[in-house]
$ cat coords-v7.tsv   # TSV, C-alpha atoms and all ligand atoms
chain	number	residue	atom	x	y	z
A	1	MET	CA	-43.86	10.93	-2.10
A	2	ALA	CA	-41.43	9.69	-4.71
A	3	THR	CA	-38.89	7.26	-3.39
A	4	ALA	CA	-35.39	6.17	-4.35
A	5	VAL	CA	-34.14	2.60	-4.05
A	6	ALA	CA	-30.61	1.99	-2.80
A	7	ALA	CA	-28.40	-0.94	-1.93
A	8	VAL	CA	-27.24	-0.25	1.61
A	9	LEU	CA	-24.13	-1.89	3.04
A	10	GLU	CA	-25.58	-2.69	6.48
A	11	SER	CA	-22.56	-4.63	7.69
A	12	ALA	CA	-19.59	-6.39	6.08
A	13	ARG	CA	-20.75	-8.51	3.11
A	14	ASN	CA	-24.37	-7.53	3.68
A	15	LEU	CA	-26.02	-5.34	1.02
A	16	GLN	CA	-29.77	-4.78	1.50
A	17	PHE	CA	-32.24	-2.83	-0.64
A	18	ARG	CA	-33.94	0.07	1.11
A	19	GLU	CA	-36.21	2.92	0.04
A	20	PHE	CA	-35.56	6.57	0.83
A	21	PRO	CA	-37.59	9.69	0.03
A	22	ILE	CA	-36.16	11.66	-2.92
A	23	PRO	CA	-35.24	15.00	-1.30
A	24	GLU	CA	-36.81	18.30	-2.31
A	25	VAL	CA	-34.12	20.73	-3.43
A	26	SER	CA	-33.42	24.28	-2.30
A	27	ASP	CA	-31.91	27.08	-4.36
A	28	ASP	CA	-28.43	25.59	-3.96
A	29	ASP	CA	-28.53	21.84	-4.45
A	30	ALA	CA	-29.83	19.14	-6.79
A	31	VAL	CA	-30.76	15.49	-7.23
A	32	MET	CA	-29.48	13.23	-9.96
A	33	GLU	CA	-31.06	10.07	-11.28
A	34	VAL	CA	-28.25	7.51	-11.39
A	35	GLU	CA	-27.42	5.94	-14.74
A	36	ALA	CA	-24.59	3.76	-13.45
A	37	SER	CA	-21.61	3.47	-11.14
A	38	GLY	CA	-18.17	2.14	-11.97
A	39	LEU	CA	-16.65	-0.33	-9.52
A	40	CYS	CA	-13.00	-0.35	-8.43
A	41	GLY	CA	-10.90	-2.17	-5.83
A	42	THR	CA	-12.13	0.24	-3.16
A	43	ASP	CA	-15.69	-1.05	-3.63
A	44	TYR	CA	-14.58	-4.58	-2.80
A	45	GLU	CA	-12.55	-3.48	0.24
A	46	GLN	CA	-15.60	-1.56	1.43
A	47	TYR	CA	-17.84	-4.60	0.90
A	48	LEU	CA	-15.49	-6.63	3.12
A	49	GLY	CA	-15.82	-3.93	5.81
A	50	GLY	CA	-12.25	-2.73	5.34
A	51	LEU	CA	-12.67	1.04	4.86
A	52	SER	CA	-11.37	2.91	7.86
A	53	PHE	CA	-12.72	6.39	7.18
A	54	GLY	CA	-16.11	8.10	6.95
A	55	ASP	CA	-19.25	7.34	8.93
A	56	GLY	CA	-18.90	3.59	8.44
A	57	MET	CA	-21.99	1.43	7.97
A	58	PRO	CA	-24.87	1.55	7.13
A	59	ILE	CA	-23.82	3.36	3.97
A	60	ILE	CA	-24.75	3.42	0.28
A	61	PRO	CA	-21.47	2.61	-1.55
A	62	GLY	CA	-20.67	3.79	-5.09
A	63	HIS	CA	-18.26	6.69	-5.67
A	64	GLU	CA	-17.85	6.58	-9.48
A	65	ILE	CA	-21.29	7.88	-10.39
A	66	ILE	CA	-22.82	9.03	-13.67
A	67	GLY	CA	-26.43	10.13	-14.13
A	68	ARG	CA	-28.89	12.88	-15.05
A	69	ILE	CA	-30.04	15.93	-13.13
A	70	THR	CA	-33.73	15.56	-12.22
A	71	ARG	CA	-34.22	18.36	-9.68
A	72	ILE	CA	-32.05	21.46	-9.30
A	73	GLY	CA	-32.26	24.88	-7.62
A	74	ALA	CA	-31.82	28.13	-9.55
A	75	ALA	CA	-28.50	29.06	-7.90
A	76	ALA	CA	-27.14	25.57	-8.56
A	77	VAL	CA	-28.03	25.87	-12.26
A	78	LYS	CA	-25.92	29.02	-12.42
A	79	ARG	CA	-23.02	27.67	-10.36
A	80	TRP	CA	-22.65	24.33	-12.14
A	81	GLY	CA	-23.82	25.35	-15.61
A	82	VAL	CA	-26.13	22.33	-15.82
A	83	ASP	CA	-29.90	21.92	-15.79
A	84	VAL	CA	-32.61	19.25	-15.56
A	85	GLY	CA	-31.94	16.46	-18.06
A	86	ASP	CA	-28.18	17.01	-18.36
A	87	ARG	CA	-25.93	13.97	-18.15
A	88	VAL	CA	-23.30	14.52	-15.45
A	89	THR	CA	-20.72	12.93	-13.19
A	90	VAL	CA	-19.83	14.08	-9.68
A	91	GLU	CA	-16.38	14.07	-8.02
A	92	PRO	CA	-16.23	11.54	-5.15
A	93	ILE	CA	-14.91	14.17	-2.73
A	94	ILE	CA	-17.02	17.19	-1.73
A	95	PRO	CA	-14.32	19.73	-0.84
A	96	CYS	CA	-14.76	22.04	2.14
A	97	GLY	CA	-13.21	24.92	0.21
A	98	VAL	CA	-11.38	26.44	3.18
A	99	CYS	CA	-8.75	23.94	4.39
A	100	GLU	CA	-5.11	24.22	3.34
A	101	GLY	CA	-5.47	21.51	0.67
A	102	CYS	CA	-8.55	23.16	-0.85
A	103	ILE	CA	-6.95	26.61	-0.83
A	104	GLU	CA	-3.88	25.19	-2.59
A	105	GLY	CA	-6.19	23.66	-5.18
A	106	ALA	CA	-5.39	20.10	-4.07
A	107	PHE	CA	-8.82	18.98	-2.92
A	108	THR	CA	-7.72	15.33	-2.87
A	109	ARG	CA	-6.10	16.29	0.47
A	110	CYS	CA	-9.31	17.81	1.90
A	111	GLN	CA	-10.45	16.17	5.13
A	112	SER	CA	-14.02	17.50	5.02
A	113	GLY	CA	-15.36	13.96	5.39
A	114	LEU	CA	-18.06	14.79	2.86
A	115	GLY	CA	-18.37	12.94	-0.40
A	116	TYR	CA	-19.92	10.05	-2.26
A	117	GLY	CA	-19.86	6.33	-1.61
A	118	MET	CA	-17.29	6.20	1.18
A	119	TYR	CA	-17.94	9.12	3.50
A	120	ARG	CA	-21.47	9.79	4.77
A	121	GLY	CA	-23.76	6.98	5.90
A	122	THR	CA	-27.53	6.74	5.51
A	123	GLY	CA	-27.85	8.35	8.96
A	124	THR	CA	-26.75	11.72	7.52
A	125	ALA	CA	-29.71	13.44	5.83
A	126	PRO	CA	-30.79	13.06	3.07
A	127	SER	CA	-29.15	9.57	3.08
A	128	LEU	CA	-28.57	9.38	-0.69
A	129	TRP	CA	-24.76	9.72	-0.66
A	130	GLY	CA	-23.82	6.77	-2.87
A	131	GLY	CA	-24.11	5.45	-6.41
A	132	TYR	CA	-25.57	1.98	-5.64
A	133	ALA	CA	-28.95	3.68	-5.91
A	134	THR	CA	-31.53	5.07	-8.29
A	135	HIS	CA	-30.92	8.64	-7.05
A	136	VAL	CA	-28.10	10.64	-5.49
A	137	TYR	CA	-28.26	13.96	-3.61
A	138	LEU	CA	-25.97	16.69	-4.99
A	139	HIS	CA	-24.63	18.86	-2.15
A	140	PRO	CA	-24.08	22.59	-2.88
A	141	ARG	CA	-20.28	22.13	-2.73
A	142	ALA	CA	-20.24	18.99	-4.92
A	143	LEU	CA	-18.09	19.23	-8.06
A	144	ILE	CA	-20.08	18.43	-11.19
A	145	HIS	CA	-18.90	17.71	-14.73
A	146	LYS	CA	-21.23	17.77	-17.71
A	147	LEU	CA	-20.92	14.64	-19.86
A	148	PRO	CA	-21.34	14.03	-23.58
A	149	GLU	CA	-24.51	12.17	-24.57
A	150	ASP	CA	-23.16	9.82	-27.18
A	151	ILE	CA	-20.89	7.49	-25.18
A	152	PRO	CA	-22.21	4.10	-23.99
A	153	THR	CA	-22.87	3.73	-20.26
A	154	ASN	CA	-20.18	1.13	-19.60
A	155	VAL	CA	-17.45	3.22	-21.27
A	156	THR	CA	-18.59	6.41	-19.54
A	157	THR	CA	-18.05	4.81	-16.11
A	158	LEU	CA	-14.33	4.62	-16.99
A	159	ILE	CA	-14.12	8.36	-16.37
A	160	ASN	CA	-13.23	8.10	-12.69
A	161	PRO	CA	-10.43	5.50	-12.98
A	162	LEU	CA	-9.15	7.22	-16.14
A	163	SER	CA	-9.08	10.52	-14.24
A	164	ASN	CA	-6.89	8.79	-11.64
A	165	ALA	CA	-4.59	7.39	-14.32
A	166	ILE	CA	-4.25	10.79	-16.04
A	167	ARG	CA	-3.37	12.53	-12.78
A	168	TRP	CA	-0.81	9.88	-11.79
A	169	ILE	CA	0.82	9.56	-15.23
A	170	TYR	CA	0.53	13.04	-16.68
A	171	GLU	CA	-0.13	15.63	-13.96
A	172	VAL	CA	1.98	14.11	-11.15
A	173	GLY	CA	4.20	11.73	-13.13
A	174	GLY	CA	5.08	14.37	-15.70
A	175	VAL	CA	4.93	11.96	-18.65
A	176	GLY	CA	5.25	13.83	-21.92
A	177	LEU	CA	6.66	13.59	-25.44
A	178	GLY	CA	9.34	10.92	-25.62
A	179	SER	CA	9.03	9.74	-21.98
A	180	THR	CA	9.87	6.22	-20.88
A	181	VAL	CA	7.30	4.83	-18.44
A	182	VAL	CA	7.03	1.58	-16.52
A	183	ILE	CA	3.62	0.62	-15.12
A	184	ALA	CA	3.58	-2.16	-12.53
A	185	GLY	CA	0.20	-3.89	-12.33
A	186	PRO	CA	-2.11	-4.45	-15.33
A	187	GLY	CA	-5.40	-3.94	-13.48
A	188	GLN	CA	-8.03	-1.48	-14.62
A	189	ARG	CA	-5.95	1.50	-13.46
A	190	GLY	CA	-2.64	0.19	-14.84
A	191	LEU	CA	-4.22	-0.42	-18.24
A	192	LEU	CA	-5.79	3.04	-18.26
A	193	ALA	CA	-2.39	4.43	-17.24
A	194	ALA	CA	-0.88	2.83	-20.35
A	195	ALA	CA	-3.57	4.51	-22.47
A	196	ALA	CA	-2.96	7.85	-20.72
A	197	ALA	CA	0.83	7.54	-21.22
A	198	LYS	CA	0.31	6.94	-24.93
A	199	LYS	CA	-2.03	9.92	-25.14
A	200	ALA	CA	0.55	12.10	-23.32
A	201	GLY	CA	3.19	11.20	-25.91
A	202	ALA	CA	5.36	8.63	-24.12
A	203	LYS	CA	7.75	6.83	-26.45
A	204	THR	CA	8.34	3.70	-24.42
A	205	ILE	CA	5.51	2.25	-22.31
A	206	ILE	CA	6.33	-0.92	-20.40
A	207	VAL	CA	3.62	-2.78	-18.45
A	208	THR	CA	4.53	-5.59	-16.06
A	209	GLY	CA	2.31	-8.43	-14.84
A	210	THR	CA	2.28	-12.09	-13.92
A	211	THR	CA	1.37	-15.27	-15.83
A	212	THR	CA	-2.27	-14.97	-14.67
A	213	ASP	CA	-2.39	-11.52	-16.30
A	214	GLY	CA	-1.91	-12.92	-19.82
A	215	SER	CA	-5.06	-11.45	-21.37
A	216	ARG	CA	-4.50	-8.15	-19.57
A	217	LEU	CA	-1.01	-7.82	-21.00
A	218	ASP	CA	-2.54	-8.35	-24.46
A	219	LEU	CA	-4.99	-5.59	-23.65
A	220	ALA	CA	-2.12	-3.37	-22.47
A	221	ARG	CA	-0.44	-3.69	-25.88
A	222	ASN	CA	-3.71	-2.77	-27.61
A	223	LEU	CA	-3.97	0.33	-25.44
A	224	GLY	CA	-0.45	1.57	-26.13
A	225	ALA	CA	2.13	-0.51	-24.22
A	226	THR	CA	5.24	-0.94	-26.39
A	227	THR	CA	6.59	-3.78	-24.20
A	228	THR	CA	4.94	-6.11	-21.69
A	229	ILE	CA	6.93	-8.13	-19.16
A	230	ASN	CA	5.78	-11.32	-17.47
A	231	ILE	CA	7.67	-11.07	-14.17
A	232	ASP	CA	7.19	-14.81	-13.54
A	233	GLU	CA	9.32	-15.51	-16.61
A	234	GLU	CA	11.90	-12.75	-16.74
A	235	ASP	CA	13.59	-10.27	-14.45
A	236	PRO	CA	11.83	-6.95	-15.04
A	237	VAL	CA	14.84	-4.77	-14.15
A	238	THR	CA	17.08	-6.61	-16.64
A	239	ARG	CA	14.38	-6.34	-19.29
A	240	VAL	CA	13.82	-2.62	-18.71
A	241	THR	CA	17.60	-2.11	-18.97
A	242	GLU	CA	17.60	-3.94	-22.33
A	243	VAL	CA	14.51	-2.20	-23.72
A	244	THR	CA	15.81	1.26	-22.79
A	245	ASP	CA	19.39	0.54	-23.86
A	246	GLY	CA	20.52	1.31	-20.33
A	247	GLY	CA	18.75	4.68	-20.30
A	248	MET	CA	16.17	3.40	-17.77
A	249	ALA	CA	12.75	4.89	-17.01
A	250	ASP	CA	11.73	8.49	-16.37
A	251	ILE	CA	8.68	7.39	-14.38
A	252	VAL	CA	7.63	4.19	-12.69
A	253	LEU	CA	3.98	3.95	-11.62
A	254	ASP	CA	3.16	1.24	-9.07
A	255	VAL	CA	-0.53	0.33	-9.15
A	256	SER	CA	-0.05	-3.22	-7.90
A	257	ALA	CA	-2.14	-4.21	-4.88
A	258	GLY	CA	-0.33	-5.71	-1.89
A	259	ALA	CA	3.00	-6.50	-3.60
A	260	MET	CA	6.16	-4.77	-2.34
A	261	THR	CA	8.70	-6.06	-4.88
A	262	PRO	CA	7.52	-3.65	-7.63
A	263	ILE	CA	8.52	-0.71	-5.41
A	264	LEU	CA	12.06	-2.01	-4.87
A	265	GLN	CA	12.39	-2.96	-8.53
A	266	GLY	CA	10.93	0.42	-9.47
A	267	ILE	CA	13.82	2.21	-7.76
A	268	ASP	CA	16.27	0.10	-9.80
A	269	MET	CA	14.36	0.79	-13.02
A	270	LEU	CA	14.59	4.58	-12.76
A	271	ARG	CA	17.15	6.85	-14.32
A	272	ARG	CA	18.90	9.41	-12.08
A	273	GLY	CA	16.31	11.99	-11.04
A	274	GLY	CA	13.47	9.64	-11.99
A	275	ARG	CA	10.11	9.59	-10.24
A	276	LEU	CA	8.40	6.66	-8.54
A	277	VAL	CA	4.66	7.30	-8.30
A	278	LEU	CA	2.99	5.11	-5.68
A	279	ALA	CA	-0.73	4.45	-6.13
A	280	GLY	CA	-1.12	0.82	-5.07
A	281	LEU	CA	-2.28	0.20	-1.49
A	282	LYS	CA	-0.40	-2.50	0.41
A	283	SER	CA	-3.02	-3.63	2.97
A	284	GLY	CA	-1.23	-1.77	5.77
A	285	ASN	CA	2.08	-3.59	5.19
A	286	LYS	CA	5.36	-1.75	5.66
A	287	LEU	CA	8.51	-1.91	3.60
A	288	ASN	CA	11.93	-2.25	5.25
A	289	ASP	CA	14.32	-2.93	2.39
A	290	VAL	CA	14.23	0.44	0.63
A	291	PRO	CA	17.77	1.25	-0.61
A	292	ILE	CA	17.76	4.79	0.75
A	293	ASP	CA	21.35	5.45	-0.35
A	294	GLN	CA	20.28	4.72	-3.93
A	295	VAL	CA	17.33	7.09	-3.55
A	296	VAL	CA	19.65	9.82	-2.20
A	297	LEU	CA	22.61	9.34	-4.52
A	298	ARG	CA	20.49	8.99	-7.64
A	299	GLU	CA	18.03	11.71	-6.56
A	300	ILE	CA	14.99	9.48	-6.93
A	301	GLU	CA	11.66	11.09	-6.13
A	302	LEU	CA	9.02	9.04	-4.28
A	303	ARG	CA	5.48	10.39	-4.54
A	304	GLY	CA	2.19	8.99	-3.22
A	305	VAL	CA	-1.08	9.74	-5.04
A	306	VAL	CA	-4.62	8.93	-3.97
A	307	SER	CA	-7.07	9.85	-6.73
A	308	GLY	CA	-7.81	12.05	-9.70
A	309	GLY	CA	-8.76	15.72	-9.57
A	310	TYR	CA	-11.09	18.13	-11.33
A	311	GLN	CA	-8.80	18.88	-14.28
A	312	SER	CA	-7.85	15.23	-14.79
A	313	THR	CA	-11.56	14.35	-14.86
A	314	GLU	CA	-12.12	16.93	-17.59
A	315	LEU	CA	-9.18	15.44	-19.53
A	316	ALA	CA	-10.63	11.95	-18.97
A	317	ILE	CA	-14.00	13.03	-20.40
A	318	GLY	CA	-12.24	14.39	-23.49
A	319	MET	CA	-10.17	11.23	-23.90
A	320	ILE	CA	-13.20	8.96	-23.54
A	321	ARG	CA	-15.01	11.01	-26.17
A	322	GLU	CA	-12.08	10.60	-28.58
A	323	SER	CA	-11.11	7.02	-27.77
A	324	ALA	CA	-14.33	5.27	-26.70
A	325	GLU	CA	-13.80	2.42	-29.15
A	326	THR	CA	-10.21	1.79	-28.09
A	327	LEU	CA	-11.18	1.77	-24.41
A	328	ALA	CA	-14.35	-0.33	-24.81
A	329	PRO	CA	-12.56	-3.73	-24.54
A	330	LEU	CA	-11.72	-2.85	-20.91
A	331	CYS	CA	-15.44	-2.79	-20.09
A	332	THR	CA	-15.96	-6.49	-19.56
A	333	HIS	CA	-19.00	-6.66	-17.28
A	334	VAL	CA	-22.30	-4.85	-16.73
A	335	PHE	CA	-24.57	-5.70	-13.79
A	336	ALA	CA	-28.01	-4.32	-12.89
A	337	LEU	CA	-28.50	-2.85	-9.41
A	338	ARG	CA	-30.62	-5.81	-8.32
A	339	ASP	CA	-27.52	-8.00	-8.86
A	340	VAL	CA	-25.20	-5.70	-6.90
A	341	THR	CA	-23.87	-8.45	-4.63
A	342	ASN	CA	-22.86	-10.56	-7.63
A	343	ALA	CA	-21.21	-7.49	-9.17
A	344	VAL	CA	-19.07	-6.83	-6.11
A	345	ARG	CA	-18.22	-10.50	-5.64
A	346	THR	CA	-17.19	-10.73	-9.31
A	347	LEU	CA	-14.98	-7.69	-8.75
A	348	GLY	CA	-13.32	-9.48	-5.81
A	349	ARG	CA	-12.85	-12.61	-7.94
A	350	GLU	CA	-15.00	-14.61	-5.50
A	351	ILE	CA	-17.22	-15.69	-8.39
A	352	THR	CA	-16.67	-15.68	-12.13
A	353	ASP	CA	-18.62	-16.22	-15.32
A	354	GLY	CA	-15.41	-17.53	-16.88
A	355	THR	CA	-14.22	-14.20	-18.26
A	356	ASP	CA	-11.62	-11.95	-16.63
A	357	ALA	CA	-13.36	-8.98	-14.99
A	358	VAL	CA	-11.41	-5.80	-15.76
A	359	HIS	CA	-13.94	-2.96	-15.54
A	360	ILE	CA	-17.37	-3.56	-14.01
A	361	THR	CA	-20.32	-1.21	-14.45
A	362	LEU	CA	-23.34	-1.32	-12.13
A	363	THR	CA	-26.41	0.23	-13.76
A	364	SER	CA	-29.18	1.69	-11.60
A	365	ASP	CA	-31.73	-0.62	-13.19
A	366	MET	CA	-33.82	-2.58	-10.68
A	367	ASP	CA	-36.00	-4.33	-13.26
A	368	GLN	CA	-33.56	-5.62	-15.82
A	369	CYS	CA	-31.28	-8.60	-15.57
A	370	SER	CA	-27.52	-8.27	-15.77
A	371	GLU	CA	-25.60	-8.99	-18.89
A	372	SER	CA	-21.96	-9.89	-19.03
A	373	LEU	CA	-20.23	-8.19	-21.89
A	374	ILE	CA	-17.72	-10.71	-23.09
A	375	ARG	CA	-15.03	-9.36	-25.28
D	1	ZN	ZN	-12.96	3.98	-7.40
D	2	ZN	ZN	-10.93	21.20	2.24
$ encode --input "coords-v7.tsv" --output "structure tokens"
Amino acid sequence: MATAVAAVLESARNLQFREFPIPEVSDDDAVMEVEASGLCGTDYEQYLGGLSFGDGMPIIPGHEIIGRITRIGAAAVKRWGVDVGDRVTVEPIIPCGVCEGCIEGAFTRCQSGLGYGMYRGTGTAPSLWGGYATHVYLHPRALIHKLPEDIPTNVTTLINPLSNAIRWIYEVGGVGLGSTVVIAGPGQRGLLAAAAAKKAGAKTIIVTGTTTDGSRLDLARNLGATTTINIDEEDPVTRVTEVTDGGMADIVLDVSAGAMTPILQGIDMLRRGGRLVLAGLKSGNKLNDVPIDQVVLREIELRGVVSGGYQSTELAIGMIRESAETLAPLCTHVFALRDVTNAVRTLGREITDGTDAVHITLTSDMDQCSESLIR
């Protein structure tokens, strides 16, 4: 029987390689051979044992998966419009289709508990529910996107975080022609948000960061930021006031991890009726200093967002096809599956090869050594 190899998170900080049978498919489902998985902050939190939903461990992590269909049933071919050999990506969430969120078309709110990388453990048949593996099982309700062939692996794994950025900036944020946007946090998602804002037609794109973010703020300007602010050196609210001639921002997107100040400053940076989109998790911390009167009197909208959606993924695929070269400098590191622990520890800044890790790709290769792509 053919077997798949997967890196299983057995307990916190403990990834072990295990073999699983590659499942036979029925009329309705499929198997994909993994090409690679993108890593994001969630992967590191999961590695530390910090994810509080799903089956828990043991689990195969990896929710930003690209690969090729290797086995597929006849009904699945019809439903998804893909066949053996096609390059695809799968949405992390497998929607139930019948809950209120799904019926409203907002499957990011579905609580089905089914999905990839973070939901089902290896104890749920057929075990292959994550991208740190050579193969992944495609459930009949999985959402599949066909991918272009001609984009390099490391750039293609930007699709998931770019889908998030497009939903937060464009679909939820409402950024359009002439908009003024402030993005707090120049991580992978903040940088992609700058690129998405430019694509959507924003006129003024301001990205904030700290002194340690120097190279990322350079990258932000290359991707479309018109102004970058080092908040260790200047007051971001004063600077936004200057840059916008007092007009302030239409949208502030907070993608900073842990920090609360960007939220309070974000309220001050907005014009009347502006929108504060909150996408950065704060490690369970609460915020007490929100100037509610300001929010009321100036009709500020506060909106939380958790991930991308189907349409934003389609837009992300189109944008990656058009702008692969512009986005490539974000793709700083590629690791092979056999080096998965080093990949995740590099992501968490526990170890470094001396270059700043912005976007990390984990290929499914068990035989090859990793290469760091240094820009
Ligand atoms: Zn992710
Ligand atoms: Zn649902």
$ residues_around --input "coords-v7.tsv" --residues "A:Ser163" --least-positions-apart "5" --cutoff "6 Å" --atoms "only C-alpha atoms" --output "PyMOL selection string"
chain A and resi 308+312-313+316
$ write_last_selection --input "coords-v7.tsv" --atoms "C-alpha atoms" --output "PDB file, in the frame of the given file"
ATOM      1  CA  GLY A 308      -7.810  12.050  -9.700  1.00  0.00           C
ATOM      2  CA  SER A 312      -7.850  15.230 -14.790  1.00  0.00           C
ATOM      3  CA  THR A 313     -11.560  14.350 -14.860  1.00  0.00           C
ATOM      4  CA  ALA A 316     -10.630  11.950 -18.970  1.00  0.00           C
TER       5      ALA A 316
END
$ residues_near_ligand --input "coords-v7.tsv" --ligand "ligand ZN 2 (chain D)" --cutoff "12 Å" --atoms "all atoms listed in the file" --output "PyMOL selection string"
chain A and resi 93-115+141-142
$ residues_near_ligand --input "coords-v7.tsv" --ligand "ligand ZN 1 (chain D)" --cutoff "10 Å" --atoms "all atoms listed in the file" --output "list of chain:residue names"
A:Ser37, A:Gly38, A:Leu39, A:Cys40, A:Gly41, A:Thr42, A:Asp43, A:Tyr44, A:Gly62, A:His63, A:Glu64, A:Ile65, A:Pro92, A:Gly117, A:Met118, A:Leu158, A:Asn160, A:Pro161, A:Asn164, A:Arg189, A:Ser307, A:Gly308
$ atom_distance --input "coords-v7.tsv" --atom1 "atom CA of A:Met248" --atom2 "atom CA of A:Met269"
5.7 Å
$ residues_around --input "coords-v7.tsv" --residues "A:Val84" --least-positions-apart "5" --cutoff "10 Å" --atoms "all atoms listed in the file" --output "number ranges by chain"
A: 30-32, 68-73, 77
$ closest_residue --input "coords-v7.tsv" --among "A:Pro140, A:Val334, A:Ala200, A:Pro148" --to "A:Val25" --atoms "all atoms listed in the file"
A:Pro140
$ atom_distance --input "coords-v7.tsv" --atom1 "atom CA of A:Ser26" --atom2 "atom CA of A:Pro126"
12.7 Å
$ closest_residue --input "coords-v7.tsv" --among "A:Gly247, A:Leu162, A:Thr212, A:Thr326" --to "A:Glu233" --atoms "all atoms listed in the file"
A:Thr212
$ closest_residue --input "coords-v7.tsv" --among "A:Ile159, A:Val175, A:Leu223, A:Leu281" --to "A:Tyr310" --atoms "only C-alpha atoms"
A:Ile159
$ atom_distance --input "coords-v7.tsv" --atom1 "atom CA of A:Gly246" --atom2 "atom CA of A:Ala225"
18.9 Å
$ residues_near_point --input "coords-v7.tsv" --point "(-2.6, 1.2, -24.0)" --cutoff "7 Å" --atoms "only C-alpha atoms" --output "MDAnalysis selection string"
chainID A and resid 191:192 194:195 198 220:225
$ residues_around --input "coords-v7.tsv" --residues "A:Thr134" --least-positions-apart "4" --cutoff "10 Å" --atoms "only C-alpha atoms" --output "PyMOL selection string"
chain A and resi 3-7+19+22+32-36+67+128+130+337+363-366
